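Enquirer: First, the structure itself, so that you have it in front of you.
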Amino acid sequence: MTYIVHSTLASMLLAGAAATAYADAASGFDVAVGAQYDSTHVYVAPGDMDAFVNAFTATFGGKASQRGEGNVLPVPSHAALQYVMSPVGTLSVFGFDTPLPYPFGSERTGYLVSDMDRALRAAQDSGAEILVAAFRDPIGIDAVIRWPGGVETQLYWHFSAPNYPPLATIPDNRVYLSADKADEFVHDFLRFSRGRLLSDERHADAAEIDRPGESYRCIRIASGFGQMQVLVTDGHLPYPFGREVTGYQVSDLAATLARARAAGVTVLTAPYDGEDRSSAMLQFPGGYIAEVHAPRVPHTAGSRQGVDAQASGR
């Protein structure tokens with residue numbers, strides 16, 4: 001659903017920027033262009049857009065485009081739209097004041113590709129289905145694909161290639177899957193993205209998802225589309241786990257949580273110290289939920305450090 005959205009917002013923010021040749025940007029990554037061009041899609045009520053964008057940029061830094069409005073879909077609709085660039089990841093933010101047509105709103109990210117026809121062929125050859133066929137918007141072409149396990153992703157392409165600065169840290173696309181579909185999804189996505197499997201821990205500490213004393217399968221992938229963490233579970237997930245689609249990496253978790261609280265963000269879970277990272281869950285004004293993590297400080301792994309005053313009943 002980010003269709004015209006992602007494209008229009010990018011053009012508003014970066015109009016006049018020098019174009020970078022897609023062939024160079026995508027070198028070695030097939031149709032991927034770069035993690036800075038891949039955004040999380042966030043849907044909020046129109047009246048919550050200011051509060052959300054202000055809280056997000058206060059927490060992570062960055063800036064937002066001017067707000068636009070109009071029909072961002074291939075069918076009649078109307079939305080306010082804004083693009084947010086931060087050092088830890090990019091967002092496409094939508095506030096619809098008309099009913100949201102199916103299947104828009106269920107796609108989690110927008111991936112810039114170097115060639116739409118080639119990308120769609122590669123996706124189909126890799127096991128994805130084309131959920132929304134490619135169509136033109138004022139500055140590009142967009143489509144939505146769906147992977148095994150129901151993971152939906154927008155693909156987009158611009159007539160004039162954008163040029164975004166690199167991210168300071170690359171966020172995790174957090175994908176929750178059942179054991180029935182995990183291997184199929186990983187196989188297909190790796191084939192499409194030409195990515196690499198960083199790790200596959202079949203007995204990761206499930207205290208990370210608030211199930212201490214248990215384990216789950218944690219798969220980590222890197223590709224030209226960024227980083228991905230696949231969480232393979234039985235679906236018995238305490239709130240809010242599974243509601244987030246992105247995990248943001250920061251250098252100092254405590255400082256980030258302090259900025260978040262000051263900006264009106266709710267800290268849903270107390271910080272958890274895992275083997276390689278410390279993490280927490282946040283809820284922003286408007287309802288957007290995200291994981292945030294930092295390289296682990298020396299603590300005993302597998303513990304939550306106290307109970308945050310704003311963690312919902314934890």
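Ligands are numbered from 1 in the order shown, residues from 1 within each chain, and chains are lettered A, B, ... in the order they appear in the structure tokens.
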Write down as a ChimeraX atom specification the residues belonging to range 11-248 of chain A that are assigned strand (DSSP E) by DSSP computed on the backbone.

Expert: /A:39-43,63-64,68-70,79-86,89-96,109-112,129-137,140-147,151-158,172-177,196-205,215-223,226-232,246-248

Enquirer: Might you pull out every residue within 6 Å of range 180-195 of chain A, with only C-alpha atoms counted and same-chain residues fewer than 2 positions away left off, and present them as a list in words?

Expert: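 Contacts, with the query itself left out: Ala122, Ala123, Ser126, Gly127, Pro148, Gly149, Leu177, Ser178, Ala222 and Ser223 of chain A.
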
Enquirer: Excluding same-chain residues fewer than 2 positions from Tyr248 in chain A, what lies within 10 Å of it counting only C-alpha atoms, as a list in words?

Expert: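 After dropping sequence-adjacent residues, the list is Phe60, Pro87, Val88, Gly89, Thr169, Ile170, Pro171, Asp172, Asn173, Thr246, Val250, Ser279, Ala290, Glu291, Val292, His293 and Ala294 of chain A.
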
Enquirer: Would you put the residues from that selection into a file with N, CA and C atoms, as an mmCIF file, in the first residue's frame?

Expert:
data_model
loop_
_atom_site.group_PDB
_atom_site.id
_atom_site.type_symbol
_atom_site.label_atom_id
_atom_site.label_comp_id
_atom_site.auth_asym_id
_atom_site.auth_seq_id
_atom_site.Cartn_x
_atom_site.Cartn_y
_atom_site.Cartn_z
ATOM 1 N N PHE A 60 14.952 8.585 18.181
ATOM 2 C CA PHE A 60 16.021 8.043 17.346
ATOM 3 C C PHE A 60 16.772 9.081 16.518
ATOM 4 N N PRO A 87 18.646 7.838 11.555
ATOM 5 C CA PRO A 87 19.899 7.086 11.447
ATOM 6 C C PRO A 87 19.723 5.580 11.608
ATOM 7 N N VAL A 88 18.583 5.154 12.194
ATOM 8 C CA VAL A 88 18.393 3.734 12.482
ATOM 9 C C VAL A 88 17.392 3.060 11.550
ATOM 10 N N GLY A 89 16.826 3.807 10.603
ATOM 11 C CA GLY A 89 15.878 3.218 9.682
ATOM 12 C C GLY A 89 14.890 4.245 9.163
ATOM 13 N N THR A 169 22.924 2.538 11.630
ATOM 14 C CA THR A 169 22.754 1.118 11.961
ATOM 15 C C THR A 169 21.591 0.581 11.142
ATOM 16 N N ILE A 170 21.663 -0.683 10.795
ATOM 17 C CA ILE A 170 20.637 -1.300 9.953
ATOM 18 C C ILE A 170 19.632 -2.028 10.847
ATOM 19 N N PRO A 171 18.349 -1.713 10.714
ATOM 20 C CA PRO A 171 17.359 -2.358 11.578
ATOM 21 C C PRO A 171 17.101 -3.800 11.179
ATOM 22 N N ASP A 172 16.497 -4.541 12.105
ATOM 23 C CA ASP A 172 16.056 -5.909 11.840
ATOM 24 C C ASP A 172 14.610 -5.890 11.374
ATOM 25 N N ASN A 173 14.331 -6.576 10.281
ATOM 26 C CA ASN A 173 12.957 -6.905 9.915
ATOM 27 C C ASN A 173 12.610 -8.142 10.737
ATOM 28 N N THR A 246 9.727 -4.305 13.258
ATOM 29 C CA THR A 246 11.085 -3.780 13.095
ATOM 30 C C THR A 246 11.770 -3.686 14.447
ATOM 31 N N VAL A 250 20.584 0.678 18.478
ATOM 32 C CA VAL A 250 21.129 1.926 19.003
ATOM 33 C C VAL A 250 22.412 1.608 19.747
ATOM 34 N N SER A 279 17.724 -5.540 24.934
ATOM 35 C CA SER A 279 16.581 -5.121 24.132
ATOM 36 C C SER A 279 15.400 -4.758 25.009
ATOM 37 N N ALA A 290 7.577 -1.209 18.445
ATOM 38 C CA ALA A 290 8.889 -1.529 17.874
ATOM 39 C C ALA A 290 9.784 -2.115 18.949
ATOM 40 N N GLU A 291 10.691 -2.966 18.522
ATOM 41 C CA GLU A 291 11.768 -3.441 19.382
ATOM 42 C C GLU A 291 12.943 -2.496 19.223
ATOM 43 N N VAL A 292 13.723 -2.317 20.290
ATOM 44 C CA VAL A 292 14.947 -1.530 20.227
ATOM 45 C C VAL A 292 16.029 -2.316 20.956
ATOM 46 N N HIS A 293 17.242 -2.326 20.385
ATOM 47 C CA HIS A 293 18.304 -3.115 21.000
ATOM 48 C C HIS A 293 19.645 -2.425 20.840
ATOM 49 N N ALA A 294 20.574 -2.806 21.696
ATOM 50 C CA ALA A 294 21.940 -2.294 21.657
ATOM 51 C C ALA A 294 22.892 -3.454 21.877
#

Enquirer: In Å to one decimal, how far is CA of Ile209 in chain A from CA of Gly61 in chain A?

Expert: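 According to the coordinates, CA of Gly61 in chain A and CA of Ile209 in chain A are separated by 26.5 Å.
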
Enquirer: Record the distance separating CA of Gly286 in chain A and CA of Leu155 in chain A, expressed in Å with one decimal.

Expert: 25.3 Å

Enquirer: Identify, on the basis of only C-alpha atoms, every residue whose closest approach to range 262-264 of chain A does not exceed 9 Å; exclude the query and any residue fewer than 2 positions from it along the same chain; express the result as a PyMOL selection string.

Expert: chain A and resi 51+54-56+58-59+257-260+266+284-285

Enquirer: If I take CA of Gly105 in chain A and CA of Lys63 in chain A, how far is one from the other in Å, to one decimal?

Expert: 23.3 Å

Enquirer: Let me make sure I understand: among A:Glu214, A:Tyr37, A:Gly274, A:Gln229, which one has the smallest atom-to-atom distance to Leu198 in chain A if we use only C-alpha atoms?

Expert: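 Checking each candidate against Leu198 in chain A, we get A:Gln229 as the closest.
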
Enquirer: Nearest to Thr153 in chain A among A:Arg220, A:Asp200, A:Asp48, A:Thr40, with distances taken over only C-alpha atoms: which residue is it?

Expert: A:Thr40

Enquirer: Compile the contact shell of Arg211 in chain A as an MDAnalysis selection string: residues with an atom at most 10 Å away, counting only C-alpha atoms, same-chain residues fewer than 6 positions apart removed.

Expert: chainID A and resid 205 236:238

Enquirer: Point out the residue among A:Thr90, A:His41, A:Glu201, A:Glu152 with the least atom-to-atom distance to Ala168 in chain A, counting only C-alpha atoms.

Expert: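 Of all the options, A:Thr90 lies closest to Ala168 in chain A.
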
Enquirer: Using only C-alpha atoms, pick whichever of A:Pro166, A:Pro271, A:Gly68, A:Gly110 has the shortest atom-to-atom distance to Asp210 in chain A.

Expert: A:Pro271

Enquirer: Tell me which of A:Ala64, A:Val44, A:Val265, A:Ala280 sits closest to Glu208 in chain A, counting only C-alpha atoms.

Expert: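 Counting only C-alpha atoms, the residue closest to Glu208 in chain A is A:Ala280.
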
Enquirer: Can you tell me, as a list in words, what residues are no more than 10 Å from Phe159 in chain A when counting only C-alpha atoms, ignoring any on the same chain fewer than 6 positions away?

Expert: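 With the cut-off at 10 Å, the set is Ser7, Asp137, Pro138, Ile139, Gly140 and Ile141 of chain A.
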
Enquirer: For the residues in that selection, give me N, CA and C atoms as a PDB file, in the first residue's frame.

Expert:
ATOM      1  N   SER A   7       6.944   6.259  -2.873  1.00  0.00           N
ATOM      2  CA  SER A   7       7.545   7.006  -3.957  1.00  0.00           C
ATOM      3  C   SER A   7       7.315   8.501  -3.796  1.00  0.00           C
ATOM      4  N   ASP A 137       2.633   4.841 -10.592  1.00  0.00           N
ATOM      5  CA  ASP A 137       2.237   6.025  -9.858  1.00  0.00           C
ATOM      6  C   ASP A 137       2.955   7.205 -10.521  1.00  0.00           C
ATOM      7  N   PRO A 138       2.799   8.431 -10.035  1.00  0.00           N
ATOM      8  CA  PRO A 138       3.387   9.568 -10.741  1.00  0.00           C
ATOM      9  C   PRO A 138       4.892   9.497 -10.945  1.00  0.00           C
ATOM     10  N   ILE A 139       5.626   8.799 -10.078  1.00  0.00           N
ATOM     11  CA  ILE A 139       7.085   8.790 -10.228  1.00  0.00           C
ATOM     12  C   ILE A 139       7.689   7.395 -10.257  1.00  0.00           C
ATOM     13  N   GLY A 140       6.863   6.369 -10.373  1.00  0.00           N
ATOM     14  CA  GLY A 140       7.445   5.038 -10.377  1.00  0.00           C
ATOM     15  C   GLY A 140       6.420   3.937 -10.550  1.00  0.00           C
ATOM     16  N   ILE A 141       6.832   2.738 -10.168  1.00  0.00           N
ATOM     17  CA  ILE A 141       6.007   1.536 -10.276  1.00  0.00           C
ATOM     18  C   ILE A 141       6.073   0.796  -8.948  1.00  0.00           C
TER      19      ILE A 141
END
